[in-house]
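Worksheet for the structure shown next.
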Amino acid sequence: MTSAAPSGVVTFVFTDVEGSTRRWEADAAAMRAALMAHDEVLRTAIEAHDGYLFSHTGDGVDTSAGSTFRASRRGSRGCAAR
């Protein structure tokens, strides 16, 4: 991950775990593990593409990059595979 926010043409990616409140209530331990996996997959994708993580929302992230951000596709595929 880059330590500075990008400038110029910027791509933003926002993630959110659908139904997270219901999932927390149904099985907190499983949800905790799923969020750890979610965060790891996304952080790896963001780092691989020099992205800038500017907010972690609990069950999602808000990130940006200075060019087309293919990491969003990799991150979503990685999370879906788990």
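Chain identifiers are assigned as A, B, and so on, following the order in which chains appear in the structure tokens; residues are numbered from 1 within each chain, and ligands are numbered from 1 in order of appearance.
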I'd like the contact shell of segment 17-21 of chain A - 10 Å cut-off, only C-alpha atoms, skipping same-chain residues fewer than 5 positions apart - returned as a ChimeraX atom specification. /A:26,28,31,34-35,38,58-61,79
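Of all the residues in segment 7-42 of chain A, the ones DSSP labels as strand (DSSP E) from the backbone are Thr11, Phe12, Val13 and Phe14 of chain A.
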Need to verify the contact set: Arg43 of chain A, 10 Å, only C-alpha atoms, exclusion of same-chain residues closer than 2 positions in sequence. Can you return it as a PDB file with C-alpha atoms, in the first residue's frame?
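The result, written out as around.pdb:
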ATOM      1  CA  MET A   1       0.000   0.000   0.000  1.00  0.00           C
ATOM      2  CA  ALA A  37     -10.074 -13.472   5.570  1.00  0.00           C
ATOM      3  CA  HIS A  38     -11.901 -10.583   3.856  1.00  0.00           C
ATOM      4  CA  ASP A  39      -9.418  -8.045   5.215  1.00  0.00           C
ATOM      5  CA  GLU A  40      -6.385 -10.140   4.272  1.00  0.00           C
ATOM      6  CA  VAL A  41      -7.570 -10.712   0.677  1.00  0.00           C
ATOM      7  CA  ALA A  45      -4.919  -6.819  -3.528  1.00  0.00           C
ATOM      8  CA  ILE A  46      -4.599  -3.181  -2.468  1.00  0.00           C
ATOM      9  CA  GLU A  47      -0.881  -3.559  -1.767  1.00  0.00           C
ATOM     10  CA  ALA A  48      -0.260  -5.375  -5.055  1.00  0.00           C
ATOM     11  CA  GLY A  51      -3.636   1.311  -3.550  1.00  0.00           C
ATOM     12  CA  TYR A  52      -4.357   3.640  -0.669  1.00  0.00           C
ATOM     13  CA  LEU A  53      -6.569   2.360   2.150  1.00  0.00           C
ATOM     14  CA  VAL A  61     -12.856  -1.028   3.256  1.00  0.00           C
ATOM     15  CA  THR A  63      -9.629   2.474  -0.922  1.00  0.00           C
ATOM     16  CA  ALA A  71      -7.386  -5.010  -7.460  1.00  0.00           C
ATOM     17  CA  GLY A  75     -10.261  -8.774  -4.135  1.00  0.00           C
TER      18      GLY A  75
END
Apply DSSP to the backbone of this structure and, from segment 11-73 of chain A, keep only the residues in helix (DSSP H, G or I); write these as an MDAnalysis selection string. chainID A and resid 20:26 28:48 71:73
So which one's closest to Ala5 of chain A, A:Asp50, A:Asp27, A:Arg22, A:His56? Using only C-alpha atoms, please. A:Asp50
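Distance-wise, atom CA of Ser7 of chain A and atom CA of Gly66 of chain A end up 6.3 Å apart.
Taking atom CA of Met36 of chain A as the reference point, atom CA of Ser55 of chain A is found at 15.8 Å.
Closest to Thr15 of chain A among A:His49, A:Ala29, A:Thr57, A:Thr44 is A:Thr57, based on only C-alpha atoms.
For the pair atom CA of Ser64 of chain A and atom CA of Pro6 of chain A, the separation is 7.2 Å.
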